[in-house]
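Student: Dropping in query_39.cif, with mmCIF, C-alpha atoms and all ligand atoms.
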data_final
#
loop_
_atom_site.group_PDB
_atom_site.id
_atom_site.type_symbol
_atom_site.label_atom_id
_atom_site.label_comp_id
_atom_site.auth_asym_id
_atom_site.auth_seq_id
_atom_site.Cartn_x
_atom_site.Cartn_y
_atom_site.Cartn_z
ATOM 1 C CA MET A 213 37.363 -21.500 -4.906
ATOM 2 C CA LYS A 214 36.657 -21.369 -1.195
ATOM 3 C CA THR A 215 34.207 -18.817 0.071
ATOM 4 C CA GLU A 216 32.819 -17.930 3.465
ATOM 5 C CA THR A 217 29.928 -20.164 4.359
ATOM 6 C CA ASN A 218 26.617 -18.514 4.958
ATOM 7 C CA GLY A 219 25.189 -21.624 6.601
ATOM 8 C CA SER A 220 25.351 -21.389 10.367
ATOM 9 C CA ASN A 221 26.518 -24.894 11.197
ATOM 10 C CA SER A 222 28.263 -26.173 8.087
ATOM 11 C CA ASN A 223 31.997 -26.505 7.604
ATOM 12 C CA GLY A 224 33.731 -25.669 4.307
ATOM 13 C CA ALA A 225 33.398 -29.064 2.622
ATOM 14 C CA ALA A 226 29.774 -29.565 3.618
ATOM 15 C CA SER A 227 28.813 -26.115 2.350
ATOM 16 C CA GLU A 228 29.868 -27.104 -1.160
ATOM 17 C CA LEU A 229 27.341 -29.919 -1.205
ATOM 18 C CA ALA A 230 24.022 -29.055 -2.760
ATOM 19 C CA ILE A 231 22.544 -32.355 -1.570
ATOM 20 C CA ASP A 232 23.698 -34.635 1.217
ATOM 21 C CA ALA A 233 21.350 -37.595 1.749
ATOM 22 C CA ARG A 234 22.521 -40.319 4.131
ATOM 23 C CA SER A 235 21.176 -43.838 4.695
ATOM 24 C CA ILE A 236 17.737 -43.085 3.286
ATOM 25 C CA VAL A 237 15.096 -45.765 3.793
ATOM 26 C CA LYS A 238 11.677 -45.475 2.154
ATOM 27 C CA VAL A 239 8.947 -48.093 2.469
ATOM 28 C CA PHE A 240 5.740 -48.042 0.411
ATOM 29 C CA GLY A 241 2.625 -50.011 1.385
ATOM 30 C CA LEU A 242 1.893 -52.613 4.036
ATOM 31 C CA GLY A 243 1.755 -56.416 4.252
ATOM 32 C CA ASP A 244 1.858 -58.104 0.846
ATOM 33 C CA ALA A 245 2.008 -54.704 -0.866
ATOM 34 C CA ARG A 246 5.072 -53.637 1.146
ATOM 35 C CA THR A 247 7.952 -52.416 -1.061
ATOM 36 C CA VAL A 248 11.241 -51.133 0.304
ATOM 37 C CA ALA A 249 12.061 -48.618 -2.414
ATOM 38 C CA LEU A 250 15.195 -47.211 -0.732
ATOM 39 C CA LYS A 251 17.382 -49.468 1.417
ATOM 40 C CA GLY A 252 19.832 -47.057 3.006
ATOM 41 C CA ALA A 253 20.733 -44.976 -0.053
ATOM 42 C CA ASN A 254 23.571 -42.441 0.227
ATOM 43 C CA PHE A 255 23.524 -39.655 -2.312
ATOM 44 C CA SER A 256 25.349 -36.366 -2.620
ATOM 45 C CA ALA A 257 25.636 -33.702 -5.303
ATOM 46 C CA ARG A 258 27.925 -30.670 -5.313
ATOM 47 C CA GLN A 259 27.161 -27.053 -6.023
ATOM 48 C CA GLY A 260 27.974 -26.088 -9.616
ATOM 49 C CA GLU A 261 27.503 -29.660 -10.748
ATOM 50 C CA LEU A 262 25.375 -31.410 -13.355
ATOM 51 C CA HIS A 263 24.865 -34.794 -11.747
ATOM 52 C CA LEU A 264 23.181 -37.787 -13.390
ATOM 53 C CA VAL A 265 21.437 -40.665 -11.646
ATOM 54 C CA VAL A 266 21.196 -43.897 -13.626
ATOM 55 C CA GLY A 267 19.950 -47.403 -12.881
ATOM 56 C CA PRO A 268 17.376 -49.975 -13.956
ATOM 57 C CA SER A 269 13.663 -49.235 -13.868
ATOM 58 C CA GLY A 270 12.258 -49.664 -10.356
ATOM 59 C CA CYS A 271 15.615 -49.233 -8.559
ATOM 60 C CA GLY A 272 14.397 -46.157 -6.651
ATOM 61 C CA LYS A 273 15.605 -43.165 -8.692
ATOM 62 C CA THR A 274 12.315 -41.252 -8.677
ATOM 63 C CA THR A 275 11.754 -42.086 -5.014
ATOM 64 C CA LEU A 276 15.207 -40.810 -4.009
ATOM 65 C CA LEU A 277 14.828 -37.549 -5.890
ATOM 66 C CA SER A 278 11.296 -37.004 -4.571
ATOM 67 C CA VAL A 279 12.695 -37.259 -1.033
ATOM 68 C CA VAL A 280 15.484 -34.820 -1.822
ATOM 69 C CA ALA A 281 13.044 -32.414 -3.519
ATOM 70 C CA GLY A 282 10.827 -32.461 -0.444
ATOM 71 C CA THR A 283 7.809 -33.946 -2.219
ATOM 72 C CA LEU A 284 7.867 -37.309 -0.402
ATOM 73 C CA ASN A 285 8.273 -38.280 3.255
ATOM 74 C CA TRP A 286 10.943 -40.849 4.047
ATOM 75 C CA ASP A 287 11.236 -43.374 6.893
ATOM 76 C CA GLU A 288 14.886 -43.264 7.968
ATOM 77 C CA GLY A 289 18.025 -41.292 7.213
ATOM 78 C CA LYS A 290 19.110 -37.665 6.991
ATOM 79 C CA VAL A 291 18.631 -35.169 4.171
ATOM 80 C CA GLN A 292 20.410 -31.832 3.793
ATOM 81 C CA VAL A 293 19.840 -29.480 0.871
ATOM 82 C CA PHE A 294 22.276 -26.546 0.629
ATOM 83 C CA GLY A 295 23.219 -27.132 4.247
ATOM 84 C CA THR A 296 19.610 -26.974 5.468
ATOM 85 C CA SER A 297 18.436 -30.127 7.180
ATOM 86 C CA LEU A 298 14.999 -31.323 6.048
ATOM 87 C CA ASP A 299 14.831 -33.815 8.959
ATOM 88 C CA GLY A 300 12.188 -32.850 11.426
ATOM 89 C CA MET A 301 10.996 -29.896 9.358
ATOM 90 C CA LYS A 302 7.233 -29.533 9.266
ATOM 91 C CA ARG A 303 5.528 -30.364 5.958
ATOM 92 C CA SER A 304 4.626 -26.676 5.514
ATOM 93 C CA GLU A 305 8.247 -25.636 6.088
ATOM 94 C CA ILE A 306 9.486 -28.185 3.542
ATOM 95 C CA THR A 307 6.906 -26.936 1.029
ATOM 96 C CA ASP A 308 8.090 -23.383 1.546
ATOM 97 C CA PHE A 309 11.749 -24.413 1.221
ATOM 98 C CA ARG A 310 10.934 -26.311 -1.985
ATOM 99 C CA ARG A 311 9.048 -23.385 -3.541
ATOM 100 C CA ARG A 312 12.015 -21.116 -3.069
ATOM 101 C CA ASN A 313 14.887 -23.491 -3.835
ATOM 102 C CA VAL A 314 13.792 -26.401 -6.003
ATOM 103 C CA GLY A 315 12.547 -26.786 -9.573
ATOM 104 C CA PHE A 316 11.209 -30.279 -10.284
ATOM 105 C CA ILE A 317 10.555 -31.692 -13.738
ATOM 106 C CA PHE A 318 8.346 -34.726 -13.263
ATOM 107 C CA GLN A 319 8.288 -37.780 -15.506
ATOM 108 C CA GLN A 320 4.603 -37.054 -16.270
ATOM 109 C CA PHE A 321 5.173 -33.270 -16.730
ATOM 110 C CA ASN A 322 2.269 -32.347 -14.344
ATOM 111 C CA LEU A 323 1.198 -29.321 -16.402
ATOM 112 C CA ILE A 324 -2.155 -27.755 -15.512
ATOM 113 C CA PRO A 325 -4.569 -28.476 -18.404
ATOM 114 C CA THR A 326 -6.846 -25.470 -17.813
ATOM 115 C CA LEU A 327 -3.982 -22.943 -17.960
ATOM 116 C CA ASN A 328 -2.232 -21.735 -21.105
ATOM 117 C CA LEU A 329 1.543 -22.111 -21.476
ATOM 118 C CA ILE A 330 2.438 -18.673 -20.101
ATOM 119 C CA GLU A 331 0.185 -19.259 -17.097
ATOM 120 C CA ASN A 332 1.656 -22.718 -16.503
ATOM 121 C CA ILE A 333 5.230 -21.429 -16.571
ATOM 122 C CA SER A 334 4.303 -18.467 -14.309
ATOM 123 C CA VAL A 335 3.098 -20.686 -11.452
ATOM 124 C CA PRO A 336 6.403 -20.968 -9.505
ATOM 125 C CA LEU A 337 6.870 -17.179 -9.674
ATOM 126 C CA LEU A 338 3.328 -16.445 -8.480
ATOM 127 C CA LEU A 339 3.788 -18.924 -5.607
ATOM 128 C CA ASN A 340 6.858 -16.912 -4.614
ATOM 129 C CA GLY A 341 4.889 -13.662 -4.538
ATOM 130 C CA ILE A 342 6.059 -12.186 -7.864
ATOM 131 C CA ARG A 343 3.518 -9.864 -9.545
ATOM 132 C CA ARG A 344 1.551 -11.396 -12.418
ATOM 133 C CA ARG A 345 2.813 -8.982 -15.079
ATOM 134 C CA THR A 346 6.464 -9.554 -14.166
ATOM 135 C CA ALA A 347 5.880 -13.301 -13.893
ATOM 136 C CA GLU A 348 4.295 -13.506 -17.330
ATOM 137 C CA ASP A 349 7.120 -11.511 -18.945
ATOM 138 C CA LYS A 350 9.659 -13.889 -17.424
ATOM 139 C CA ALA A 351 7.554 -16.902 -18.487
ATOM 140 C CA GLY A 352 7.514 -15.580 -22.057
ATOM 141 C CA GLU A 353 11.330 -15.369 -22.036
ATOM 142 C CA LEU A 354 11.626 -18.969 -20.869
ATOM 143 C CA LEU A 355 9.108 -20.160 -23.468
ATOM 144 C CA LYS A 356 11.375 -18.652 -26.152
ATOM 145 C CA ARG A 357 14.460 -20.266 -24.660
ATOM 146 C CA VAL A 358 12.886 -23.724 -24.914
ATOM 147 C CA GLY A 359 11.993 -23.000 -28.543
ATOM 148 C CA LEU A 360 8.225 -22.530 -28.205
ATOM 149 C CA ALA A 361 7.809 -18.815 -29.028
ATOM 150 C CA GLY A 362 4.400 -18.172 -30.619
ATOM 151 C CA LYS A 363 2.622 -20.812 -28.504
ATOM 152 C CA GLU A 364 1.991 -18.558 -25.476
ATOM 153 C CA THR A 365 -1.784 -19.001 -25.404
ATOM 154 C CA LYS A 366 -1.917 -22.702 -26.312
ATOM 155 C CA ARG A 367 -2.954 -25.217 -23.688
ATOM 156 C CA PRO A 368 -0.792 -28.232 -22.797
ATOM 157 C CA THR A 369 -3.159 -30.691 -24.528
ATOM 158 C CA GLN A 370 -2.598 -28.871 -27.838
ATOM 159 C CA LEU A 371 1.101 -29.791 -27.746
ATOM 160 C CA SER A 372 3.094 -32.920 -28.564
ATOM 161 C CA GLY A 373 4.747 -34.887 -25.742
ATOM 162 C CA GLY A 374 8.131 -33.345 -26.524
ATOM 163 C CA GLN A 375 6.668 -29.828 -26.486
ATOM 164 C CA GLN A 376 4.912 -30.466 -23.153
ATOM 165 C CA GLN A 377 8.203 -31.654 -21.743
ATOM 166 C CA ARG A 378 9.858 -28.406 -22.823
ATOM 167 C CA VAL A 379 7.121 -26.402 -21.058
ATOM 168 C CA ALA A 380 7.742 -28.446 -17.900
ATOM 169 C CA ILE A 381 11.448 -27.617 -18.154
ATOM 170 C CA ALA A 382 10.701 -23.900 -18.618
ATOM 171 C CA ARG A 383 8.459 -23.994 -15.532
ATOM 172 C CA ALA A 384 11.194 -25.685 -13.481
ATOM 173 C CA LEU A 385 13.783 -23.038 -14.437
ATOM 174 C CA VAL A 386 11.699 -19.859 -14.413
ATOM 175 C CA HIS A 387 12.261 -18.909 -10.748
ATOM 176 C CA GLU A 388 15.992 -19.726 -11.054
ATOM 177 C CA PRO A 389 15.907 -22.301 -8.256
ATOM 178 C CA ARG A 390 19.231 -23.308 -6.736
ATOM 179 C CA LEU A 391 18.400 -26.978 -7.249
ATOM 180 C CA VAL A 392 16.828 -28.345 -10.429
ATOM 181 C CA ILE A 393 15.743 -31.965 -10.408
ATOM 182 C CA CYS A 394 14.709 -33.609 -13.664
ATOM 183 C CA ASP A 395 13.189 -37.027 -14.040
ATOM 184 C CA GLU A 396 14.013 -38.167 -17.602
ATOM 185 C CA PRO A 397 13.954 -34.660 -19.127
ATOM 186 C CA THR A 398 14.969 -35.578 -22.670
ATOM 187 C CA SER A 399 13.078 -38.856 -23.116
ATOM 188 C CA ALA A 400 10.414 -37.385 -25.399
ATOM 189 C CA LEU A 401 12.713 -34.975 -27.232
ATOM 190 C CA ASP A 402 14.267 -35.273 -30.666
ATOM 191 C CA SER A 403 18.036 -35.046 -30.849
ATOM 192 C CA GLU A 404 18.358 -31.331 -31.674
ATOM 193 C CA THR A 405 15.870 -30.227 -29.024
ATOM 194 C CA GLY A 406 17.458 -32.607 -26.529
ATOM 195 C CA HIS A 407 20.841 -30.908 -26.925
ATOM 196 C CA GLN A 408 19.234 -27.445 -26.686
ATOM 197 C CA ILE A 409 17.601 -28.461 -23.395
ATOM 198 C CA MET A 410 20.842 -29.964 -22.083
ATOM 199 C CA ASP A 411 22.627 -26.679 -22.848
ATOM 200 C CA LEU A 412 19.979 -24.814 -20.829
ATOM 201 C CA LEU A 413 20.339 -27.253 -17.932
ATOM 202 C CA THR A 414 24.146 -27.066 -18.060
ATOM 203 C CA THR A 415 23.974 -23.268 -17.826
ATOM 204 C CA ALA A 416 21.647 -23.584 -14.832
ATOM 205 C CA ALA A 417 24.041 -26.035 -13.137
ATOM 206 C CA ARG A 418 27.094 -23.789 -13.613
ATOM 207 C CA ALA A 419 25.603 -20.657 -12.066
ATOM 208 C CA PRO A 420 27.131 -20.013 -8.627
ATOM 209 C CA GLY A 421 25.564 -21.976 -5.785
ATOM 210 C CA ARG A 422 23.325 -24.036 -8.037
ATOM 211 C CA CYS A 423 23.004 -27.695 -8.984
ATOM 212 C CA VAL A 424 21.142 -29.833 -11.529
ATOM 213 C CA VAL A 425 20.348 -33.503 -10.912
ATOM 214 C CA ILE A 426 18.984 -35.550 -13.789
ATOM 215 C CA VAL A 427 17.569 -39.067 -13.824
ATOM 216 C CA THR A 428 18.053 -40.487 -17.280
ATOM 217 C CA HIS A 429 18.251 -43.613 -19.434
ATOM 218 C CA ASP A 430 19.328 -41.505 -22.377
ATOM 219 C CA PRO A 431 22.977 -42.131 -23.393
ATOM 220 C CA ARG A 432 22.919 -38.829 -25.325
ATOM 221 C CA VAL A 433 22.844 -37.051 -21.967
ATOM 222 C CA TYR A 434 25.796 -38.901 -20.379
ATOM 223 C CA SER A 435 28.496 -36.732 -21.949
ATOM 224 C CA TYR A 436 27.070 -33.645 -20.168
ATOM 225 C CA ALA A 437 27.626 -35.145 -16.704
ATOM 226 C CA ASP A 438 30.169 -33.927 -14.166
ATOM 227 C CA ARG A 439 29.478 -37.068 -12.129
ATOM 228 C CA ILE A 440 27.165 -40.057 -12.420
ATOM 229 C CA THR A 441 25.549 -41.941 -9.535
ATOM 230 C CA GLN A 442 24.611 -45.547 -10.298
ATOM 231 C CA MET A 443 21.693 -47.035 -8.374
ATOM 232 C CA GLU A 444 20.509 -50.601 -8.085
ATOM 233 C CA ASP A 445 17.804 -52.171 -5.949
ATOM 234 C CA GLY A 446 17.248 -49.234 -3.607
ATOM 235 C CA ARG A 447 20.913 -48.421 -3.073
ATOM 236 C CA VAL A 448 23.666 -46.287 -4.559
ATOM 237 C CA MET A 449 26.267 -48.705 -5.961
ATOM 238 C CA ALA A 450 28.873 -46.284 -7.339
ATOM 239 C CA VAL A 451 29.619 -42.637 -8.039
ATOM 240 C CA LEU A 452 31.579 -42.149 -11.254
ATOM 241 C CA ASP A 453 34.045 -39.308 -11.672
ATOM 242 C CA GLY A 454 37.213 -38.740 -13.767
ATOM 243 C CA GLU A 455 38.468 -41.740 -15.756
ATOM 244 C CA PRO A 456 35.685 -44.203 -14.763
ATOM 245 C CA LEU A 457 33.153 -41.563 -15.829
ATOM 246 C CA GLN A 458 34.824 -41.198 -19.246
ATOM 247 C CA GLN A 459 34.858 -44.974 -19.642
ATOM 248 C CA PHE A 460 31.161 -45.195 -18.795
ATOM 249 C CA VAL A 461 30.272 -42.414 -21.249
ATOM 250 C CA HIS A 462 32.263 -43.993 -24.079
ATOM 251 C CA SER A 463 31.104 -47.555 -23.408
ATOM 252 C CA THR A 464 27.498 -46.502 -23.923
ATOM 253 C CA HIS A 465 27.979 -44.791 -27.296
HETATM 254 N N1 LIG B 1 3.663 -44.606 -4.656
HETATM 255 C C1 LIG B 1 4.150 -45.853 -4.628
HETATM 256 N N2 LIG B 1 3.475 -46.851 -4.024
HETATM 257 C C2 LIG B 1 3.976 -48.107 -3.965
HETATM 258 N N3 LIG B 1 5.156 -48.480 -4.502
HETATM 259 C C3 LIG B 1 5.872 -47.538 -5.121
HETATM 260 C C4 LIG B 1 5.416 -46.172 -5.224
HETATM 261 N N4 LIG B 1 6.356 -45.455 -5.906
HETATM 262 C C5 LIG B 1 7.340 -46.314 -6.212
HETATM 263 N N5 LIG B 1 7.064 -47.562 -5.744
HETATM 264 C C6 LIG B 1 7.930 -48.752 -5.861
HETATM 265 O O1 LIG B 1 9.207 -48.404 -5.375
HETATM 266 C C7 LIG B 1 10.238 -48.953 -6.203
HETATM 267 C C8 LIG B 1 11.090 -47.837 -6.763
HETATM 268 O O2 LIG B 1 10.307 -47.060 -7.654
HETATM 269 P P1 LIG B 1 10.863 -45.771 -8.413
HETATM 270 O O3 LIG B 1 11.526 -44.892 -7.445
HETATM 271 O O4 LIG B 1 9.734 -45.207 -9.190
HETATM 272 O O5 LIG B 1 11.951 -46.400 -9.400
HETATM 273 P P2 LIG B 1 12.646 -45.783 -10.704
HETATM 274 O O6 LIG B 1 12.340 -44.318 -10.746
HETATM 275 O O7 LIG B 1 14.108 -46.086 -10.533
HETATM 276 O O8 LIG B 1 12.087 -46.516 -11.875
HETATM 277 C C9 LIG B 1 9.517 -49.771 -7.266
HETATM 278 O O9 LIG B 1 9.460 -51.105 -6.816
HETATM 279 C C10 LIG B 1 8.150 -49.156 -7.319
HETATM 280 O O10 LIG B 1 7.199 -50.093 -7.728
HETATM 281 MG MG MG B 2 11.376 -43.200 -12.223
#
Can you dump the structure from the file as C-alpha cells?
Ligand SMILES: Nc1ncnc2c1ncn2[C@@H]1O[C@H](COP(=O)(O)OP(=O)(O)O)[C@@H](O)[C@H]1O
Ligand SMILES: [Mg+2]
Tutor:
Amino acid sequence: MKTETNGSNSNGAASELAIDARSIVKVFGLGDARTVALKGANFSARQGELHLVVGPSGCGKTTLLSVVAGTLNWDEGKVQVFGTSLDGMKRSEITDFRRRNVGFIFQQFNLIPTLNLIENISVPLLLNGIRRRTAEDKAGELLKRVGLAGKETKRPTQLSGGQQQRVAIARALVHEPRLVICDEPTSALDSETGHQIMDLLTTAARAPGRCVVIVTHDPRVYSYADRITQMEDGRVMAVLDGEPLQQFVHSTH
C-alpha cells in the first residue's frame, strides 16, 4: 500500500524504510586499545517489519543498533530513522527523538533497582510528559501482558533473570514507540514465555508505521522474522528474504 509521505524530503521508497544506515564506521579506543567495531556497515529495516540481526559474538551487532537507537555516537556514515536524519543532530535533539520514537531493550536490562516494577515500566511515559496516574495504569496493563500480574510492587532484584527481561520488554513497549530495538530479548526466557514475548513483539512490528529489530542467537526466534541481516566482522554480509530466509530458518532447526 502506498500512502502520501509525511516526511518533507523523502520519496516513496525511502519513506517505507524505518531505518536506513549507510557505510557506518565506529571506532572504540585509541592506540593498542583501538577497535574498529563497524567497518562501513549498511543496514536497513522496513516499516511493518520484524527484522532480525544475527552474527558471531563481537561482530558489531550491539554497536550498530546503539547507533541506530541514538545511544552511541558514530564516526562515519549516515543514519536515517523514519526519514529523519540523525547526522549532525545535537545530542539533546537525538535524545528527544529517541524518547519519542525508540524503545530499547538492552542485553543487561538496565532496570532501576530502587524503583518497583510499575515505576520502572512508567519511566518512558513520564519522560514523554504523561501524567503519573495514567502512566501507572498503562504500565500495569503492560505488566499483565508480559505475564507478571501481581508483581506490581516488587523490585527488579526480587525477580529471576527471565522475569527482569520481561519487565525490560514491557518498558520498551509501553509508550508504543515506532521503533523497538531488542538486544537478545528471549535469551533468558523459557520456551513458552519466549513465544509469548515474540507474539507481543510481532504485534508491535505489524502496527502501521512501526518496526521491530531484534539481535538474537536464539534459533527459536528465526521463524518470526520477515527478513534477517547477517553480520560478520563489523560489516553486513547478507540480507535474507524469501527462499534464502526459509532455508536459513530450516537449516537451524
Ligand atoms: N564500549 C566499548 N569499548 C571498547 N570496545 C568495544 C566497546 N563496545 C564494543 N566494543 C568492541 O567492539 C566490537 C563489537 O562489539 P559488539 O557490538 O558488542 O558486538 P556483538 O554485539 O555483535 O557481540 C567488539 O570487538 C567489542 O569488543
Ligand atoms: Mg551484543
Student: Residues contacting ligand LIG 1 (chain B) - anything with an atom at most 7 Å away, using only C-alpha atoms and all ligand atoms - can you give me those as a PDB file with C-alpha atoms, keeping the file's coordinate frame?
Tutor:
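The resulting part.pdb:
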ATOM      1  CA  PHE A 240       5.740 -48.042   0.411  1.00  0.00           C
ATOM      2  CA  GLY A 241       2.625 -50.011   1.385  1.00  0.00           C
ATOM      3  CA  THR A 247       7.952 -52.416  -1.061  1.00  0.00           C
ATOM      4  CA  VAL A 248      11.241 -51.133   0.304  1.00  0.00           C
ATOM      5  CA  ALA A 249      12.061 -48.618  -2.414  1.00  0.00           C
ATOM      6  CA  GLY A 267      19.950 -47.403 -12.881  1.00  0.00           C
ATOM      7  CA  PRO A 268      17.376 -49.975 -13.956  1.00  0.00           C
ATOM      8  CA  SER A 269      13.663 -49.235 -13.868  1.00  0.00           C
ATOM      9  CA  GLY A 270      12.258 -49.664 -10.356  1.00  0.00           C
ATOM     10  CA  CYS A 271      15.615 -49.233  -8.559  1.00  0.00           C
ATOM     11  CA  GLY A 272      14.397 -46.157  -6.651  1.00  0.00           C
ATOM     12  CA  LYS A 273      15.605 -43.165  -8.692  1.00  0.00           C
ATOM     13  CA  THR A 274      12.315 -41.252  -8.677  1.00  0.00           C
ATOM     14  CA  THR A 275      11.754 -42.086  -5.014  1.00  0.00           C
ATOM     15  CA  LEU A 276      15.207 -40.810  -4.009  1.00  0.00           C
TER      16      LEU A 276
END
Student: For a test of reading the model, state the distance in Å between atom CA of A:Ala351 and atom CA of A:Ile426, rounded to one decimal.
Tutor: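 So the answer is 22.4 Å.
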Student: List every protein, DNA or RNA residue that has at least one atom no more than 9 Å from (15.0, -22.1, -9.5) in the file's coordinates, counting all atoms listed in the file, and write the result as a PyMOL selection string.
Tutor: chain A and resi 311-315+336+384-392+416+422
Student: Do a neighbour search on A:Thr441 at 8 Å with only C-alpha atoms, toss out local chain neighbours closer than 4 positions, and write the hits as a PyMOL selection string.
Tutor: chain A and resi 255+263-266+448-452
Student: Kindly give the distance, in Å, that separates atom CA of A:Gln459 and atom CA of A:Arg432, rounded to a single decimal.
Tutor: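 Interatomic distance, atom CA of A:Gln459 to atom CA of A:Arg432: 14.6 Å.
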Student: What separation in Å, quoted to one decimal, exists between atom CA of A:Ser297 and atom CA of A:Gln320?
Tutor: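 Here the two named atoms are 28.1 Å from each other.
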Student: May I have the protein, DNA and RNA residues with any atom at most 8 Å from the point (14.1, -33.5, -13.7), counting only C-alpha atoms, written as a PyMOL selection string?
Tutor: chain A and resi 316-319+381+392-397+425-427
Student: Here is a test: counting only C-alpha atoms and all ligand atoms, which residue of A:Arg343, A:His429, A:Arg447, A:Arg383 is nearest to ligand MG 2 (chain B)?
Tutor: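 Ranked by minimum distance to ligand MG 2 (chain B), first place goes to A:His429.
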Student: Quick one: of A:Pro325, A:Ile330, A:Gly359, A:Val379, who's nearest to A:Ala347, counting all atoms listed in the file?
Tutor: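 Using all atoms listed in the file, the shortest distance to A:Ala347 belongs to A:Ile330.
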Student: Using only C-alpha atoms and all ligand atoms, which of A:Asn340, A:Thr369, A:Gln376, A:Thr428 sits nearest ligand MG 2 (chain B)?
Tutor: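 Counting only C-alpha atoms and all ligand atoms, the residue closest to ligand MG 2 (chain B) is A:Thr428.
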Student: When the PyMOL selection byres (((chain A and resi 260) around 6) and not hetatm) is applied to the file above, which residues end up in the set, as a list in words?
Tutor: Gln259, Glu261, Ala417, Arg418, Arg422 and Cys423 of chain A
Student: Could you tell me which of A:Gln292, A:Asn328, A:Ser278, A:Asn254 comes closest to ligand MG 2 (chain B) if we count only C-alpha atoms and all ligand atoms?
Tutor: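 Nearest candidate to ligand MG 2 (chain B) out of A:Gln292, A:Asn328, A:Ser278, A:Asn254: A:Ser278.
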